[in-house]
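Source file: work.txt. Holds: compact mmCIF, C-alpha atoms.
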```txt
# COMPACT_ATOMS: atom_id res chain seq x y z
CA MET X 3 -11.72 -19.51 16.58
CA SER X 4 -13.69 -22.15 18.47
CA ARG X 5 -12.41 -24.51 21.15
CA GLU X 6 -13.01 -27.41 18.78
CA THR X 7 -10.72 -25.82 16.19
CA ILE X 8 -8.00 -25.34 18.79
CA LEU X 9 -8.33 -28.98 19.84
CA ALA X 10 -7.97 -30.05 16.21
CA TRP X 11 -4.75 -28.07 15.88
CA PHE X 12 -3.39 -29.65 19.03
CA ALA X 13 -4.17 -33.08 17.58
CA VAL X 14 -2.15 -32.26 14.45
CA ILE X 15 0.78 -31.03 16.53
CA ALA X 16 0.65 -34.16 18.72
CA PHE X 17 0.72 -36.40 15.63
CA VAL X 18 3.68 -34.55 14.07
CA GLY X 19 5.49 -34.44 17.39
CA GLY X 20 4.97 -38.17 17.82
CA GLY X 21 6.51 -38.85 14.41
CA ILE X 22 9.57 -36.81 15.28
CA ALA X 23 9.95 -38.64 18.58
CA TYR X 24 9.76 -42.01 16.76
CA VAL X 25 12.46 -41.02 14.28
CA VAL X 26 14.77 -39.91 17.09
CA ALA X 27 14.08 -43.04 19.13
CA THR X 28 14.81 -45.42 16.26
CA SER X 29 17.78 -43.59 14.78
CA GLY X 30 20.18 -45.09 17.30
CA THR X 31 21.62 -41.69 18.19
CA THR X 32 20.73 -39.13 20.79
CA PRO X 33 20.64 -35.51 19.61
CA PRO X 34 23.09 -33.29 21.44
CA PRO X 35 21.60 -30.97 24.07
CA LEU X 36 20.90 -27.42 23.06
CA ARG X 37 23.51 -24.93 24.20
CA VAL X 38 22.61 -21.34 25.00
CA LEU X 39 25.65 -19.22 24.29
CA PRO X 40 26.12 -15.81 25.87
CA SER X 41 26.03 -12.81 23.59
CA PRO X 42 29.60 -12.04 22.49
CA ALA X 43 31.20 -8.90 23.74
CA VAL X 44 31.94 -6.22 21.18
CA ALA X 45 35.56 -5.13 20.73
CA ASP X 46 36.25 -1.42 20.38
CA ILE X 47 38.81 -1.33 17.54
CA ARG X 48 40.16 2.02 18.75
CA THR X 49 41.01 0.92 22.29
CA GLY X 50 41.00 -2.86 22.07
CA GLU X 51 38.64 -2.97 25.06
CA LEU X 52 35.64 -5.25 25.26
CA ASN X 53 32.27 -3.57 25.65
CA ALA X 54 29.09 -5.20 26.89
CA PRO X 55 26.67 -6.09 24.07
CA LEU X 56 23.76 -3.77 23.47
CA PRO X 57 20.38 -5.03 24.72
CA PRO X 58 18.04 -6.29 21.99
CA LYS X 59 15.76 -3.71 20.45
CA ARG X 60 12.17 -4.48 21.40
CA ASP X 61 9.48 -4.32 18.73
CA VAL X 62 6.82 -1.74 19.71
CA ASP X 63 4.77 -2.01 16.52
CA SER X 64 1.78 -3.45 18.40
CA TYR X 65 1.35 -0.16 20.27
CA ARG X 66 1.01 1.85 17.07
CA GLY X 67 -2.24 2.98 15.52
CA TYR X 68 -5.81 2.44 16.65
CA GLY X 69 -6.36 0.21 19.67
CA THR X 70 -9.19 -0.74 21.98
CA TRP X 71 -9.54 -2.19 25.48
CA VAL X 72 -11.25 -5.24 26.94
CA ASP X 73 -11.17 -6.05 30.66
CA VAL X 74 -12.15 -9.15 32.62
CA PHE X 75 -15.55 -7.65 33.48
CA ASP X 76 -16.39 -7.81 29.77
CA PHE X 77 -15.30 -11.31 28.77
CA SER X 78 -14.24 -13.55 31.70
CA PRO X 79 -17.09 -15.54 33.35
CA PRO X 80 -15.81 -15.24 36.96
CA TYR X 81 -16.26 -11.47 36.60
CA ALA X 82 -18.76 -11.09 33.74
CA GLY X 83 -21.07 -13.99 34.56
CA ARG X 84 -22.18 -16.86 32.36
CA SER X 85 -23.16 -14.53 29.51
CA PRO X 86 -20.27 -12.12 29.04
CA SER X 87 -20.98 -8.99 27.02
CA LEU X 88 -17.97 -9.67 24.79
CA ARG X 89 -16.77 -12.88 23.16
CA SER X 90 -13.91 -13.65 20.83
CA SER X 91 -16.37 -13.46 17.92
CA ASP X 92 -16.63 -9.70 18.57
CA LEU X 93 -13.08 -9.36 17.29
CA GLN X 94 -14.51 -9.44 13.77
CA VAL X 95 -16.45 -6.23 14.49
CA MET X 96 -13.29 -4.66 15.89
CA ALA X 97 -11.32 -5.68 12.81
CA ASP X 98 -14.00 -4.21 10.55
CA ALA X 99 -13.69 -0.95 12.50
CA GLY X 100 -9.96 -0.77 11.80
CA VAL X 101 -8.71 -1.78 15.24
CA ARG X 102 -5.03 -2.83 15.03
CA THR X 103 -4.50 -3.93 18.61
CA VAL X 104 -6.70 -5.24 21.41
CA TYR X 105 -5.47 -4.57 24.93
CA LEU X 106 -6.82 -7.58 26.84
CA GLN X 107 -6.76 -8.00 30.61
CA VAL X 108 -5.62 -11.61 30.96
CA ALA X 109 -4.55 -11.75 34.62
CA ARG X 110 -5.85 -10.46 37.93
CA LEU X 111 -4.88 -10.76 41.57
CA ASP X 112 -7.93 -11.79 43.62
CA GLU X 113 -9.89 -14.85 44.70
CA ARG X 114 -11.70 -15.12 41.36
CA SER X 115 -8.41 -15.72 39.56
CA PRO X 116 -6.70 -18.29 41.79
CA SER X 117 -4.40 -19.54 39.03
CA GLY X 118 -3.22 -16.07 38.02
CA LEU X 119 -4.27 -16.10 34.38
CA GLU X 120 -7.88 -16.19 33.27
CA ASP X 121 -9.25 -19.37 31.68
CA ARG X 122 -6.52 -20.51 29.28
CA TRP X 123 -8.96 -21.96 26.74
CA LEU X 124 -10.71 -18.61 26.63
CA LEU X 125 -7.43 -16.73 26.23
CA ALA X 126 -6.44 -19.11 23.44
CA GLU X 127 -9.69 -18.34 21.59
CA TRP X 128 -9.09 -14.59 21.86
CA LEU X 129 -5.43 -14.78 20.88
CA LEU X 130 -5.83 -17.11 17.90
CA THR X 131 -8.95 -15.38 16.60
CA ALA X 132 -7.30 -11.95 16.85
CA HIS X 133 -4.18 -13.10 15.01
CA GLU X 134 -6.31 -14.77 12.36
CA LEU X 135 -7.98 -11.39 11.76
CA GLY X 136 -4.69 -9.50 11.72
CA ILE X 137 -5.19 -7.94 15.16
CA ASP X 138 -2.36 -7.85 17.69
CA VAL X 139 -3.04 -8.60 21.35
CA VAL X 140 -1.29 -6.79 24.20
CA ALA X 141 -1.94 -8.56 27.50
CA TRP X 142 -2.24 -6.36 30.58
CA TYR X 143 -2.30 -6.76 34.35
CA LEU X 144 -2.92 -4.54 37.41
CA PRO X 145 -0.21 -5.19 40.04
CA ARG X 146 -1.02 -4.52 43.70
CA PHE X 147 2.58 -4.17 44.92
CA GLY X 148 2.32 -6.52 47.88
CA GLU X 149 5.08 -8.57 49.43
CA GLY X 150 6.29 -11.66 47.63
CA THR X 151 6.29 -12.51 43.94
CA ALA X 152 2.56 -12.57 43.09
CA ASP X 153 2.82 -9.63 40.66
CA LEU X 154 5.98 -10.88 38.96
CA ASP X 155 4.54 -14.39 38.69
CA ARG X 156 1.48 -13.14 36.84
CA VAL X 157 3.44 -10.94 34.47
CA GLN X 158 5.78 -13.83 33.69
CA ALA X 159 2.79 -16.14 33.12
CA MET X 160 1.46 -13.67 30.54
CA ILE X 161 4.82 -13.59 28.80
CA ASP X 162 5.13 -17.38 28.81
CA PHE X 163 1.57 -18.05 27.60
CA GLU X 164 1.70 -19.77 24.23
CA VAL X 165 -0.81 -21.59 22.06
CA LEU X 166 0.06 -23.20 18.74
CA GLY X 167 3.29 -21.24 18.66
CA GLN X 168 1.58 -17.88 19.15
CA ARG X 169 2.14 -15.49 22.03
CA PHE X 170 0.88 -12.11 23.14
CA ASP X 171 2.39 -9.29 21.09
CA GLY X 172 3.18 -7.08 24.05
CA ILE X 173 2.74 -6.75 27.81
CA GLY X 174 1.13 -3.82 29.60
CA ILE X 175 1.55 -3.03 33.30
CA ASP X 176 -1.41 -1.06 34.69
CA ILE X 177 0.24 1.21 37.27
CA GLU X 178 -2.49 2.76 39.41
CA TRP X 179 -3.14 0.60 42.50
CA THR X 180 -2.66 2.52 45.77
CA GLY X 181 -4.58 0.31 48.21
CA ASP X 182 -3.73 -2.45 50.67
CA GLY X 183 -2.03 -0.06 53.08
CA VAL X 184 1.27 0.07 51.19
CA ASP X 185 2.96 3.45 51.67
CA ASP X 186 3.99 5.52 48.67
CA GLU X 187 7.75 5.00 49.03
CA THR X 188 7.44 1.23 49.40
CA ARG X 189 5.02 1.01 46.50
CA SER X 190 7.35 3.01 44.27
CA GLY X 191 10.25 0.76 45.20
CA ARG X 192 8.29 -2.36 44.40
CA LEU X 193 7.22 -0.88 41.06
CA ILE X 194 10.86 -0.18 40.17
CA ASN X 195 11.84 -3.71 41.18
CA LEU X 196 8.99 -5.25 39.17
CA GLY X 197 10.01 -3.46 35.97
CA GLU X 198 13.66 -4.36 36.41
CA ALA X 199 12.89 -8.01 37.17
CA VAL X 200 10.65 -8.41 34.11
CA THR X 201 13.13 -6.87 31.68
CA ALA X 202 16.10 -8.74 33.16
CA VAL X 203 14.52 -12.12 32.38
CA ASN X 204 12.70 -11.05 29.20
CA PRO X 205 14.94 -8.53 27.43
CA ASP X 206 13.13 -8.91 24.10
CA VAL X 207 9.54 -8.41 25.36
CA PRO X 208 8.07 -4.95 24.64
CA LEU X 209 6.64 -3.43 27.82
CA GLY X 210 4.00 -0.74 28.02
CA ALA X 211 3.57 1.42 31.13
CA ILE X 212 -0.14 2.13 31.59
CA VAL X 213 0.24 5.14 33.86
CA LEU X 214 -1.85 7.73 35.64
CA PRO X 215 -1.78 10.98 33.65
CA PRO X 216 0.55 13.48 35.28
CA VAL X 217 -2.17 16.14 35.27
CA LEU X 218 -4.09 13.92 37.69
CA THR X 219 -1.19 13.33 40.06
CA GLU X 220 0.42 16.77 39.81
CA VAL X 221 -2.58 19.10 39.49
CA VAL X 222 -5.88 17.42 40.29
CA ASN X 223 -4.76 15.26 43.24
CA GLU X 224 -1.17 15.59 44.39
CA ASP X 225 -1.76 13.10 47.20
CA PHE X 226 -2.68 10.21 44.90
CA TRP X 227 0.89 8.90 44.47
CA PRO X 228 3.50 11.40 45.71
CA GLY X 229 7.01 10.90 44.42
CA PHE X 230 6.01 8.72 41.49
CA PRO X 231 9.32 7.26 40.18
CA TRP X 232 9.13 8.36 36.56
CA GLN X 233 12.84 8.38 35.75
CA GLU X 234 13.61 5.26 37.79
CA ILE X 235 11.16 3.10 35.83
CA ALA X 236 11.89 4.67 32.43
CA PRO X 237 14.61 2.14 31.45
CA SER X 238 12.16 -0.76 31.91
CA PHE X 239 9.41 0.47 29.60
CA ASP X 240 9.24 1.05 25.86
CA VAL X 241 5.87 2.78 25.44
CA TRP X 242 3.88 5.00 27.79
CA LEU X 243 0.08 4.77 27.87
CA PRO X 244 -1.35 7.57 30.05
CA MET X 245 -4.95 6.98 31.18
CA ALA X 246 -6.18 10.43 30.18
CA TYR X 247 -9.88 9.87 30.89
CA TRP X 248 -11.10 13.42 30.45
CA SER X 249 -14.76 12.49 31.06
CA PHE X 250 -13.93 12.39 34.79
CA ARG X 251 -12.72 15.99 34.74
CA SER X 252 -15.05 18.96 35.02
CA ASP X 253 -15.40 21.60 32.32
CA ALA X 254 -14.57 24.24 34.95
CA SER X 255 -11.14 22.65 35.48
CA GLY X 256 -10.21 23.22 31.84
CA TYR X 257 -9.54 19.51 31.40
CA GLY X 258 -13.04 18.27 30.61
CA ASP X 259 -12.45 17.71 26.91
CA GLY X 260 -10.42 15.38 24.73
CA TYR X 261 -7.76 17.94 23.86
CA ALA X 262 -6.34 19.85 26.83
CA TYR X 263 -6.18 16.92 29.26
CA VAL X 264 -4.47 14.60 26.81
CA LYS X 265 -2.02 17.13 25.39
CA GLU X 266 -0.84 18.41 28.77
CA SER X 267 -0.58 14.88 30.20
CA VAL X 268 1.69 13.80 27.33
CA ARG X 269 3.85 16.92 27.69
CA ARG X 270 4.25 16.46 31.45
CA LEU X 271 4.95 12.74 31.04
CA ARG X 272 7.82 13.36 28.62
CA ASP X 273 9.19 16.08 30.89
CA ASN X 274 9.04 13.77 33.91
CA ILE X 275 11.02 10.97 32.28
CA GLY X 276 13.40 13.41 30.62
CA ASP X 277 12.74 12.28 27.07
CA PRO X 278 10.99 14.68 24.66
CA ASN X 279 10.72 11.87 22.11
CA ALA X 280 9.30 9.19 24.40
CA LEU X 281 6.87 6.88 22.62
CA VAL X 282 3.36 7.59 23.85
CA HIS X 283 -0.01 5.95 23.21
CA PRO X 284 -2.68 8.02 25.01
CA ILE X 285 -5.79 6.27 26.33
CA GLY X 286 -8.84 8.51 26.20
CA GLY X 287 -12.40 8.21 27.36
CA ILE X 288 -14.17 6.85 29.12
CA GLY X 289 -16.12 5.48 26.19
CA GLY X 290 -18.04 7.61 23.77
CA ILE X 291 -21.70 8.38 23.07
CA ASP X 292 -23.58 10.36 20.46
CA GLY X 293 -25.35 12.54 23.05
CA ILE X 294 -28.83 11.76 21.66
CA ASP X 295 -31.32 10.12 24.03
CA ASP X 296 -28.51 8.97 26.28
CA PRO X 297 -29.08 8.50 30.04
CA ASP X 298 -28.67 11.66 32.11
CA ASP X 299 -26.67 9.91 34.82
CA PRO X 300 -24.80 6.88 33.48
CA ALA X 301 -22.79 4.69 35.85
CA GLU X 302 -19.66 6.40 34.54
CA PRO X 303 -19.43 9.81 32.85
CA LEU X 304 -18.95 9.15 29.16
CA ALA X 305 -17.24 11.20 26.46
CA THR X 306 -19.14 12.66 23.52
CA LEU X 307 -18.49 12.55 19.79
CA ALA X 308 -17.13 16.10 19.63
CA GLU X 309 -14.64 15.25 22.37
CA LEU X 310 -13.39 12.29 20.32
CA ASP X 311 -12.45 14.73 17.56
CA ASN X 312 -10.53 16.85 20.07
CA PHE X 313 -8.80 13.72 21.33
CA ALA X 314 -7.62 12.94 17.79
CA PHE X 315 -6.21 16.47 17.46
CA ALA X 316 -4.20 16.02 20.67
CA VAL X 317 -2.87 12.66 19.50
CA ALA X 318 -1.68 14.22 16.26
CA GLU X 319 -0.15 17.32 17.84
CA THR X 320 1.83 15.26 20.37
CA ALA X 321 3.15 12.95 17.63
CA SER X 322 1.89 9.94 19.58
CA ILE X 323 2.48 6.56 17.97
CA GLY X 324 -1.08 5.36 18.57
CA ALA X 325 -4.16 5.90 20.68
CA SER X 326 -7.22 4.18 22.06
CA ILE X 327 -10.39 4.75 24.03
CA TYR X 328 -11.17 2.84 27.20
CA ASP X 329 -13.07 0.72 26.52
CA TRP X 330 -14.77 -1.05 23.60
CA ASN X 331 -17.94 -1.82 25.57
CA THR X 332 -18.61 1.82 26.45
CA LEU X 333 -18.39 3.02 22.85
CA ASP X 334 -21.79 3.22 21.22
CA ASP X 335 -22.20 2.57 17.50
CA ALA X 336 -21.84 6.23 16.52
CA ALA X 337 -18.65 6.60 18.55
CA ARG X 338 -17.15 3.48 16.98
CA VAL X 339 -17.90 4.80 13.50
CA ARG X 340 -16.39 8.18 14.32
CA LEU X 341 -13.21 6.66 15.71
CA THR X 342 -12.86 4.54 12.58
CA GLU X 343 -13.14 7.69 10.47
CA LEU X 344 -10.64 9.62 12.61
CA PHE X 345 -7.99 6.93 12.56
CA ALA X 346 -8.50 6.19 8.89
CA SER X 347 -7.73 9.82 8.10
```

Encoding of this model in structure tokens:
Amino acid sequence: MSRETILAWFAVIAFVGGGIAYVVATSGTTPPPLRVLPSPAVADIRTGELNAPLPPKRDVDSYRGYGTWVDVFDFSPPYAGRSPSLRSSDLQVMADAGVRTVYLQVARLDERSPSGLEDRWLLAEWLLTAHELGIDVVAWYLPRFGEGTADLDRVQAMIDFEVLGQRFDGIGIDIEWTGDGVDDETRSGRLINLGEAVTAVNPDVPLGAIVLPPVLTEVVNEDFWPGFPWQEIAPSFDVWLPMAYWSFRSDASGYGDGYAYVKESVRRLRDNIGDPNALVHPIGGIGGIDGIDDPDDPAEPLATLAELDNFAFAVAETASIGASIYDWNTLDDAARVRLTELFAS
């Protein structure tokens, strides 16, 4: 959806809104202010006691099925330059491939994103085009766990973002930053506080925890984030998205394929939060290539087609609600076709 189309829609809304304002202004009456009533308590008919109302059930449908990932280095000019490799028009290709949800990085904390969110016109194009094609959009952000409210402000801005009555279908918190000299205990505490603060103000917004796979933090590198607060953050999140990028693991470790690394990470994750039925959406990768005439030493080690099949087996065996490969740009044509076949079956 082009910027001109969005402007046209805004013009229609402005005209209709102006008509409503005129009717109110000339009616001689002032409409009463809206009242937000608290949720009523529920009476227990056996004891006569009042119980607190249950929190609203959050809709996690956007995390189901086949997804793909787009980060700011793919589509946002401050990071991708004047000719980004991906534009909103590429959503049509994703839709044709059977993608149900695009996980879009819409906020970042650095000098290239001084206003928090990326360019709002650009985000509007992606959101409206995706919805027009039947694709959901989960917005995601990488918090850095510093002092102050910078992380919470950006998450709230993603939740509040709206264009023509449409909003992001879910929010993902990318939990992996360990820099800036913040010690592990402080970082864990700030993560717990961030999750609690977001859900307290937005009880109906589905939250996804994009987490380091437990195999990485418990087997490969125990010093990465010691004492990760799995159970403490569990009440704040609805879906768990472990970044099980097996292409970074060696074959000698036993985790260098799309099956063992993903399956064990999901098992450990559920054990850590104490919920054998926790909703999980594994993220595999990185990318995928056909293995024919590919560079010997790419910038990042990429998965192969056979490993994508193994990834699909792990997703099925763990009864995960969906899955995706990070990211769309690092999937070659053959890998995209294979993923379409795997998820269609």

Long-range neighbours of X:Lys59 as a list in words, 9 Å cut-off, only C-alpha atoms, 4 positions minimum in chain: Pro205, Asp206 and Pro208 of chain X

Selected residue of minimal separation from X:Ala337 among X:Ala308, X:Val317, X:Ile291, X:Ala236, counting all atoms listed in the file: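 The answer is X:Ile291, which sits nearest to X:Ala337.
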
Separation of atom CA of X:Ala199 from atom CA of X:Pro216, in Å and rounded to one decimal: 24.9 Å

Give me, as a list in words, all polymer residues having an atom no more than 10 Å from X:Arg114, counting only C-alpha atoms and skipping those fewer than 3 positions away in the same chain.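 Here the qualifying residues turn out to be Pro79, Pro80, Tyr81, Arg110, Leu111, Ser117, Gly118 and Glu120 of chain X.
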
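Here the question is which of X:Leu333, X:Ala262, X:Ile294, X:Ala346 gets nearest to X:Val72 using only C-alpha atoms, and that residue is X:Leu333.
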
From the set X:Leu144, X:Met96, X:Ile194, X:Ala211, which residue has the shortest atom-to-atom contact distance to X:Ala132, counting only C-alpha atoms?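 Ranked by minimum distance to X:Ala132, first place goes to X:Met96.
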
Top pick for closest residue to X:Val241, considering X:Asp335, X:Asp277, X:Glu198, X:Asp329 and counting all atoms listed in the file: X:Asp277
